[in-house]
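Trainee: This is structure-v5.txt, which holds compact mmCIF, C-alpha atoms:
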# COMPACT_ATOMS: atom_id res chain seq x y z
CA MET A 1 -9.81 1.42 2.83
CA ARG A 2 -12.68 0.91 5.25
CA GLN A 3 -10.32 -0.45 7.91
CA LEU A 4 -7.45 1.98 7.42
CA ALA A 5 -8.23 4.38 10.27
CA ALA A 6 -8.84 1.53 12.71
CA ARG A 7 -5.61 -0.26 11.76
CA LEU A 8 -3.04 2.55 11.75
CA GLU A 9 -1.14 0.70 14.50
CA ASP A 10 -0.40 -2.06 11.94
CA ILE A 11 1.51 0.40 9.75
CA PRO A 12 5.17 1.17 10.55
CA PRO A 13 5.73 4.41 12.51
CA ARG A 14 5.78 7.76 10.72
CA ASP A 15 9.51 7.56 10.25
CA PRO A 16 10.70 9.21 7.02
CA ALA A 17 13.40 6.53 6.75
CA THR A 18 10.84 3.70 6.78
CA PRO A 19 9.08 3.29 3.44
CA VAL A 20 5.51 2.03 3.36
CA LEU A 21 4.43 0.43 0.08
CA LEU A 22 0.79 -0.28 -0.66
CA ILE A 23 -0.65 -2.52 -3.35
CA CYS A 24 -4.14 -3.50 -4.43
CA ASN A 25 -5.44 -5.05 -7.62
CA THR A 26 -5.56 -1.95 -9.84
CA GLN A 27 -3.90 0.78 -7.71
CA ASN A 28 -7.17 2.67 -7.11
CA ARG A 29 -7.60 1.75 -3.43
CA SER A 30 -3.90 1.90 -2.67
CA ARG A 31 -3.63 5.34 -4.29
CA ALA A 32 -6.51 6.55 -2.08
CA ALA A 33 -4.87 4.96 0.97
CA VAL A 34 -1.62 6.81 0.22
CA GLN A 35 -3.52 10.09 0.24
CA ALA A 36 -5.22 9.18 3.52
CA LEU A 37 -1.88 8.26 5.11
CA HIS A 38 -0.30 11.50 3.90
CA GLU A 39 -3.11 13.29 5.72
CA GLN A 40 -2.17 11.30 8.86
CA GLY A 41 1.43 12.55 8.65
CA TYR A 42 3.10 9.71 6.76
CA THR A 43 5.63 11.08 4.27
CA HIS A 44 7.37 8.00 2.84
CA VAL A 45 4.32 6.07 1.63
CA HIS A 46 3.78 5.00 -1.97
CA TYR A 47 1.60 2.67 -4.04
CA VAL A 48 2.72 0.12 -6.61
CA ASP A 49 1.93 1.62 -10.02
CA GLY A 50 -0.63 -0.52 -11.84
CA GLY A 51 -1.33 -2.72 -8.82
CA MET A 52 -1.27 -6.50 -8.83
CA SER A 53 -2.91 -6.60 -12.25
CA GLU A 54 0.09 -4.88 -13.83
CA TRP A 55 2.50 -6.93 -11.71
CA ALA A 56 0.96 -10.18 -13.01
CA ARG A 57 0.76 -8.86 -16.59
CA ARG A 58 4.51 -8.29 -16.53
CA GLY A 59 5.08 -11.88 -15.38
CA TRP A 60 6.69 -10.86 -12.10
CA PRO A 61 6.66 -13.49 -9.34
CA LEU A 62 3.47 -14.12 -7.39
CA VAL A 63 3.26 -16.04 -4.13
CA ARG A 64 -0.02 -17.15 -2.59
CA PRO A 65 -0.46 -16.28 1.07
CA ARG A 66 -0.17 -19.15 3.52
CA PRO A 67 -3.50 -20.44 4.84
Since I need it in another form, could you write the structure as structure tokens?

Mentor:
Amino acid sequence: MRQLAARLEDIPPRDPATPVLLICNTQNRSRAAVQALHEQGYTHVHYVDGGMSEWARRGWPLVRPRP
């Protein structure tokens, strides 16, 4: 969240056909980021309900980032 405004260029353009999905551990930060992006004009941005905690609880696949 602290870096969001400075890193808008890393997010796909504000194209309604291009979805932007955000995820954090519990959905709290990603939900706040969705609101901030809506205020910046993004319309097709969503967060993953429950975050990574819920994803892992459901046993869905997890992949560690490459070093």

Trainee: Between A:His44, A:Pro19, A:Leu37, A:Cys24, which has the minimum distance to A:Arg7 (counting all atoms listed in the file)?

Mentor: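 Looking at the shortest contact to A:Arg7, the residue is A:Leu37.
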
Trainee: Go ahead and compute the interatomic distance for atom CA of A:Val20 and atom CA of A:Arg57, in Å to one decimal.

Mentor: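 It comes out at 23.2 Å.
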
Trainee: Atom CA of A:Leu21 and atom CA of A:Ala36, how far apart in Å?

Mentor: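 Interatomic distance, atom CA of A:Ala36 to atom CA of A:Leu21: 13.5 Å.
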
Trainee: Atom CA of A:Trp55 and atom CA of A:Ile23, how far apart in Å?

Mentor: 10.0 Å

Trainee: So, with all atoms listed in the file as the atoms that count, which of A:Ile11, A:Leu22, A:Ala6, A:Ala17 lies closest to A:Thr43?

Mentor: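 Of A:Ile11, A:Leu22, A:Ala6, A:Ala17, the one nearest A:Thr43, counting all atoms listed in the file, is A:Ala17.
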